[in-house]
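J.: Got a file for you: data_3.cif, mmCIF, C-alpha atoms.
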data_entry
#
loop_
_atom_site.group_PDB
_atom_site.id
_atom_site.type_symbol
_atom_site.label_atom_id
_atom_site.label_comp_id
_atom_site.auth_asym_id
_atom_site.auth_seq_id
_atom_site.Cartn_x
_atom_site.Cartn_y
_atom_site.Cartn_z
ATOM 1 C CA VAL A 1 96.656 32.677 80.224
ATOM 2 C CA SER A 2 94.827 33.651 83.394
ATOM 3 C CA GLY A 3 93.087 31.021 85.493
ATOM 4 C CA GLU A 4 89.731 32.778 85.088
ATOM 5 C CA ARG A 5 90.117 32.968 81.306
ATOM 6 C CA ASP A 6 91.249 29.338 81.077
ATOM 7 C CA SER A 7 88.345 28.145 83.260
ATOM 8 C CA PHE A 8 85.747 30.030 81.187
ATOM 9 C CA VAL A 9 86.974 28.667 77.845
ATOM 10 C CA HIS A 10 87.276 25.091 79.131
ATOM 11 C CA ALA A 11 83.760 25.272 80.606
ATOM 12 C CA CYS A 12 82.421 26.286 77.169
ATOM 13 C CA TYR A 13 84.120 23.337 75.473
ATOM 14 C CA ARG A 14 82.909 20.927 78.190
ATOM 15 C CA ALA A 15 79.314 22.201 77.731
ATOM 16 C CA VAL A 16 79.488 21.524 73.973
ATOM 17 C CA CYS A 17 80.778 17.993 74.610
ATOM 18 C CA ALA A 18 78.171 17.228 77.282
ATOM 19 C CA SER A 19 75.193 18.672 75.386
ATOM 20 C CA ARG A 20 76.376 17.620 71.907
ATOM 21 C CA ARG A 21 75.077 20.996 70.694
ATOM 22 C CA PRO A 22 76.874 23.903 68.992
ATOM 23 C CA ALA A 23 77.593 27.024 71.005
ATOM 24 C CA PHE A 24 78.249 30.700 70.350
ATOM 25 C CA VAL A 25 80.732 32.234 72.779
ATOM 26 C CA ARG A 26 81.462 35.960 73.055
ATOM 27 C CA SER A 27 84.299 37.101 75.314
ATOM 28 C CA LYS A 28 85.491 40.607 76.095
ATOM 29 C CA TYR A 29 89.121 41.038 77.102
ATOM 30 C CA VAL A 30 90.973 43.798 78.914
ATOM 31 C CA THR A 31 94.593 44.188 77.847
ATOM 32 C CA THR A 32 97.574 45.927 79.397
ATOM 33 C CA ARG A 33 98.140 47.704 76.061
ATOM 34 C CA ASN A 34 94.831 49.580 76.258
ATOM 35 C CA VAL A 35 93.226 47.638 73.397
ATOM 36 C CA ASP A 36 89.541 46.704 73.650
ATOM 37 C CA LEU A 37 89.156 43.226 72.227
ATOM 38 C CA THR A 38 86.128 40.961 71.795
ATOM 39 C CA ALA A 39 86.475 37.359 70.619
ATOM 40 C CA ASN A 40 83.558 35.526 68.997
ATOM 41 C CA ARG A 41 83.663 31.738 68.742
ATOM 42 C CA LEU A 42 81.323 29.274 67.075
ATOM 43 C CA LEU A 43 81.917 25.804 68.531
ATOM 44 C CA LEU A 44 80.606 22.887 66.448
ATOM 45 C CA PRO A 45 80.641 19.398 67.992
ATOM 46 C CA LEU A 46 81.733 16.508 65.748
ATOM 47 C CA SER A 47 81.572 12.773 66.383
ATOM 48 C CA GLU A 48 83.129 9.760 64.692
ATOM 49 C CA ASN A 49 80.482 7.388 66.064
ATOM 50 C CA GLY A 50 77.425 9.672 66.019
ATOM 51 C CA GLU A 51 77.206 9.667 69.834
ATOM 52 C CA ALA A 52 80.223 10.955 71.749
ATOM 53 C CA VAL A 53 81.802 14.287 70.785
ATOM 54 C CA ASN A 54 85.472 13.654 70.068
ATOM 55 C CA LEU A 55 86.259 16.818 68.092
ATOM 56 C CA ILE A 56 85.107 20.438 68.121
ATOM 57 C CA LEU A 57 85.385 22.595 65.015
ATOM 58 C CA CYS A 58 85.834 26.224 66.027
ATOM 59 C CA ALA A 59 85.467 29.431 64.016
ATOM 60 C CA LEU A 60 87.001 32.500 65.675
ATOM 61 C CA THR A 61 86.763 36.212 64.898
ATOM 62 C CA PHE A 62 88.120 39.234 66.750
ATOM 63 C CA GLU A 63 86.664 42.738 67.076
ATOM 64 C CA PHE A 64 88.948 45.663 67.914
ATOM 65 C CA THR A 65 87.820 49.181 68.793
ATOM 66 C CA ARG A 66 90.832 50.716 67.081
ATOM 67 C CA PRO A 67 93.733 49.592 64.869
ATOM 68 C CA PHE A 68 97.025 48.770 66.568
ATOM 69 C CA ARG A 69 100.514 47.864 65.390
ATOM 70 C CA THR A 70 101.682 45.367 68.003
ATOM 71 C CA GLY A 71 100.200 42.165 69.361
ATOM 72 C CA ILE A 72 97.994 42.227 72.438
ATOM 73 C CA GLY A 73 100.174 39.689 74.237
ATOM 74 C CA HIS A 74 99.167 36.779 76.421
ATOM 75 C CA GLU A 75 98.456 38.907 79.483
ATOM 76 C CA ALA A 76 94.913 39.864 78.387
ATOM 77 C CA GLN A 77 92.382 39.300 81.179
ATOM 78 C CA ILE A 78 88.862 38.115 80.420
ATOM 79 C CA ASP A 79 86.002 40.371 81.513
ATOM 80 C CA LEU A 80 83.467 37.767 82.627
ATOM 81 C CA SER A 81 80.794 40.419 83.202
ATOM 82 C CA ALA A 82 80.829 41.110 79.430
ATOM 83 C CA SER A 83 81.295 37.484 78.297
ATOM 84 C CA TYR A 84 78.745 34.765 77.683
ATOM 85 C CA ALA A 85 78.156 31.398 76.043
ATOM 86 C CA ASP A 86 74.872 30.209 74.514
ATOM 87 C CA LEU A 87 74.199 26.619 73.496
ATOM 88 C CA LEU A 88 72.363 26.618 70.174
ATOM 89 C CA GLU A 89 69.350 24.548 69.133
#
Written as structure tokens, that's how I'd like the structure from this file.

T.:
Amino acid sequence: VSGERDSFVHACYRAVCASRRPAFVRSKYVTTRNVDLTANRLLLPLSENGEAVNLILCALTFEFTRPFRTGIGHEAQIDLSASYADLLE
């Protein structure tokens, strides 16, 4: 996993913990296998004590521009210019 990709995802999880609010995250990836991939995540903060977030429930979907037969591999690079995270009300 690239440093840029890792930093972006961790920042999203930290924002959910700090704000105690759900977030929608959309990330576009560029792969070495010429597959356009977009990941959509819904991050839902959970708390055992009603105050501090100690668990995040995540739903994840992928969008592909075309079918493919092999995996995309771990070398996919995040395209930060086409990625965003929104904290939800």

J.: Considering all atoms listed in the file, return as a list in words whatever protein or nucleic-acid residues lie within 7 Å of Glu63 (chain A), sequence-local ones (same chain, fewer than 4 positions apart) excluded.

T.: Leu37, Thr38 and Ala39 of chain A

J.: Could you list, as a short mmCIF file (atom, residue, chain, number, x, y, z; two decimals) with C-alpha atoms, in the frame of the given file, every residue within 8 Å of Asn54 (chain A), counting only C-alpha atoms and ignoring same-chain residues fewer than 5 positions away?

T.:
data_model
loop_
_atom_site.label_atom_id
_atom_site.label_comp_id
_atom_site.auth_asym_id
_atom_site.auth_seq_id
_atom_site.Cartn_x
_atom_site.Cartn_y
_atom_site.Cartn_z
CA CYS A 17 80.78 17.99 74.61
CA PRO A 45 80.64 19.40 67.99
CA LEU A 46 81.73 16.51 65.75
CA SER A 47 81.57 12.77 66.38
CA GLU A 48 83.13 9.76 64.69
#

J.: Between CA of Cys12 (chain A) and CA of Phe24 (chain A), measure the distance and give it in Å to one decimal.

T.: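 Straight-line distance from CA of Cys12 (chain A) to CA of Phe24 (chain A) works out to 9.1 Å.
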
J.: Could you work out how far CA of Ser19 (chain A) lies from CA of Ile56 (chain A), giving the answer in Å with one decimal?

T.: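 CA of Ser19 (chain A) lies at a distance of 12.4 Å from CA of Ile56 (chain A).
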
J.: Rounded to one decimal place, report the CA of Arg21 (chain A)-CA of Phe64 (chain A) distance in Å.

T.: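 Result for CA of Arg21 (chain A) versus CA of Phe64 (chain A): 28.4 Å, one decimal.
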
J.: Considering all atoms listed in the file, can you say which of A:Phe8, A:Leu43, A:Val16, A:Asn49 comes closest to Lys28 (chain A)?

T.: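 Residue with the minimum atom-to-atom distance to Lys28 (chain A): A:Phe8.
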
J.: If we count only C-alpha atoms and set the cut-off at 10 Å, which residues sit around Asn40 (chain A), ignoring sequence neighbours fewer than 3 positions away in its own chain? Please answer as a ChimeraX atom specification.

T.: /A:24-28,43,59-63,83-85
